[in-house]
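Peer 1: Handing you a structure now.
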Amino acid sequence: MMKARVHIMLKSGVLDPQGEAVRHALGTLGFGGVESVRQGKVIELTLAGDDRAAAEAEVASMCEALLANTVIERYEVEIL
Amino acid sequence: MRAAVIVFPGSNCDRDLAVALRKAGFSVEMVWHKDTELPRDVDFVGIPGGFSFGDYLRCGAIAARSPIVRAVKAHVERGGFAVGICNGFQVLLETGLLPGALIRNAGLKFVCKPVALTVESAESVFTEGYQAGQVVTYPVAHHDGNYLATDSVLAELNTENRIAFRYQQDVNGSVEGIAGILSQNRRVMGLMPHPERAADATLGATDGAVMFQTLARSVVVA
C-alpha cells in the first residue's frame, strides 16, 4: 500500500477571499507582518499496489478528473 | 413540451423549478441523479439550486460527475436546451459545458435577497421575452457566486454577446458583474439568481415568469 498526498491551491492571481479574511483576523490578534494568506486543501489517498510512478500518474488523472478544478486551482501530487 | 428536472441529494429548488415550468405549460419529470438516461423526448433539462452532495469538495463538483449528468451532457451535445440555476450553474461549470468558475463570495457572506439585474442579451430562448438593457429583479441565495473566468473567456463572452445577465450593483464580487452566461449555441444558460423564485405573484414577484413562458414557446425537440 502507498499513501498519496494531493495539495490543491488556488492559482496565483485568483482572489482568495477566505485567505484574506484569515490574514485580517491574524492582524486583529496582533500578529503583524503577515503580508498574505492563501488557503488550500490537502487530500490524502491510500492506494493499493507499490508502483510509485504509476500511482503518481493515476493520482494526477484523478486531479484532472475530479479532485481539482483546473480552471482556478493547481495541484501537486506527492507519493509518500 | 417535456422538461426534466434533475434531483441530487441536497437539491432544494427542484420543486420550485418544476412548479414554474409546469405553470408555463411544460410537463415535468423529476429525474434522480443515479438514473443513466433522461426520459424519452425531453426538450428541456433544468438543473436546480441547492447544495448537491453538501457542497463537498467544491460546489457542484460531485454532482457534475454523477450518472445522469452524462446523459445531460449528451442532450446538450446534440443541441438540447438546458438551464442551470445557482447550484445548477455551478454544476454546469464543473462539467465544462459552460466556461469559467464560481468561487466564494468576495464578502464571504451568504447573500440572500432580491437583486436588480440588467438583461444583457435578449438573444436566447431564455431571455427573448425581455428587452436588452431591461432591468429585472430575481432573488439570489448563495455563498459561492463569485464568477471568474480568464481574460480570453471574458473577451469571447463579450464579443459573442453571451452574457445573459449582469448585476446592477456588486453582489458577490463577480468579474464584470456577470450573473448569467450562455453557451456558444445559446441553448444552455447558467445563472446564479433564481427566476423560478420570481414566477408567481402570490409569492411576491413575477419577473422570472417571463423566462419560463418564452421557453415554453420556443423550445422544440432538438
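Every chain in the C-alpha cells has a letter given in the order shown (A, B, ...), and although residue numbers restart at 1 in each chain, ligands are simply numbered from 1 in the order shown.
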Determine, counting only C-alpha atoms, which protein, DNA and RNA residues have an atom within 10 Å of an atom of region 159-172 of chain B; residues of the same chain fewer than 5 positions away are not included. Present the result as number ranges by chain.

Peer 2: B: 103-113, 115-124, 126-127, 132-137, 140, 142-147, 153-154, 177-186, 189-193

Peer 1: For Lys34 (chain B), work out the shell of residues within 7 Å, counting only C-alpha atoms and skipping chain neighbours fewer than 4 positions away, then give it as a list in words.

Peer 2: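 Selected residues are Ser66, Pro67 and Ile68 of chain B.
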
Peer 1: Residues of the last selection are to be written out with N, CA and C atoms, as a compact mmCIF listing (two decimals), in the first residue's frame.

Peer 2:
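What landed in out-v5.txt:
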```txt
# COMPACT_ATOMS: atom_id res chain seq x y z
N SER B 66 -21.99 12.77 -11.69
CA SER B 66 -23.00 11.74 -11.41
C SER B 66 -23.51 11.15 -12.73
N PRO B 67 -24.06 9.94 -12.66
CA PRO B 67 -24.50 9.26 -13.89
C PRO B 67 -25.44 10.10 -14.76
N ILE B 68 -26.44 10.75 -14.17
CA ILE B 68 -27.41 11.47 -15.01
C ILE B 68 -26.76 12.62 -15.75
```

Peer 1: For a quick test of understanding: name the residues of chain A lying within 8 Å of chain B when counting only C-alpha atoms, and present them as a list in words.

Peer 2: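 Residues satisfying the distance criterion: Pro17, Gln18, Leu66, Leu67, Asn69, Val71 and Ile72 of chain A.
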
Peer 1: Output C-alpha atoms of each residue in that selection to a file, as a PDB file, in the first residue's frame.

Peer 2:
```
ATOM      1  CA  PRO A  17     -11.363  35.834  -0.065  1.00  0.00           C
ATOM      2  CA  GLN A  18     -11.059  33.221   2.691  1.00  0.00           C
ATOM      3  CA  LEU A  66     -12.326  15.472 -10.088  1.00  0.00           C
ATOM      4  CA  LEU A  67     -10.045  16.481  -7.240  1.00  0.00           C
ATOM      5  CA  ASN A  69     -10.885  22.384 -10.790  1.00  0.00           C
ATOM      6  CA  VAL A  71      -9.851  26.456 -14.214  1.00  0.00           C
ATOM      7  CA  ILE A  72      -8.989  28.013 -10.856  1.00  0.00           C
TER       8      ILE A  72
END
```

Peer 1: Could you work out how far CA of Ala71 (chain B) lies from CA of Pro195 (chain B), giving the answer in Å with one decimal?

Peer 2: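 Taking CA of Pro195 (chain B) as the start and CA of Ala71 (chain B) as the end point, the length is 24.5 Å.
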
Peer 1: Between CA of Asp43 (chain B) and CA of Cys13 (chain B), what is the spacing in Å?

Peer 2: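 We find that CA of Cys13 (chain B) and CA of Asp43 (chain B) lie 20.0 Å from each other.
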
Peer 1: What's the 10 Å shell around His24 (chain A), counting only C-alpha atoms, without same-chain residues fewer than 6 positions away, as a ChimeraX atom specification?

Peer 2: /A:18,31,34-37

Peer 1: What separation in Å, quoted to one decimal, exists between CA of Glu78 (chain A) and CA of Asp51 (chain A)?

Peer 2: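 Taking CA of Glu78 (chain A) as the start and CA of Asp51 (chain A) as the end point, the length is 13.4 Å.
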
Peer 1: A:Met1, A:Thr28, A:Lys11, A:Val6: which is nearest Ser61 (chain A), counting only C-alpha atoms?

Peer 2: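 Nearest to Ser61 (chain A): A:Val6.
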
Peer 1: Give the strand (DSSP E or B) residues of chain A, as DSSP finds them on the backbone, and put them as a PyMOL selection string.

Peer 2: chain A and resi 2-10+40-47+73-79

Peer 1: What lies within 8 Å of Gly10 (chain B) using only C-alpha atoms, ignoring chain neighbours under 6 positions off, as a ChimeraX atom specification?

Peer 2: /B:50-54
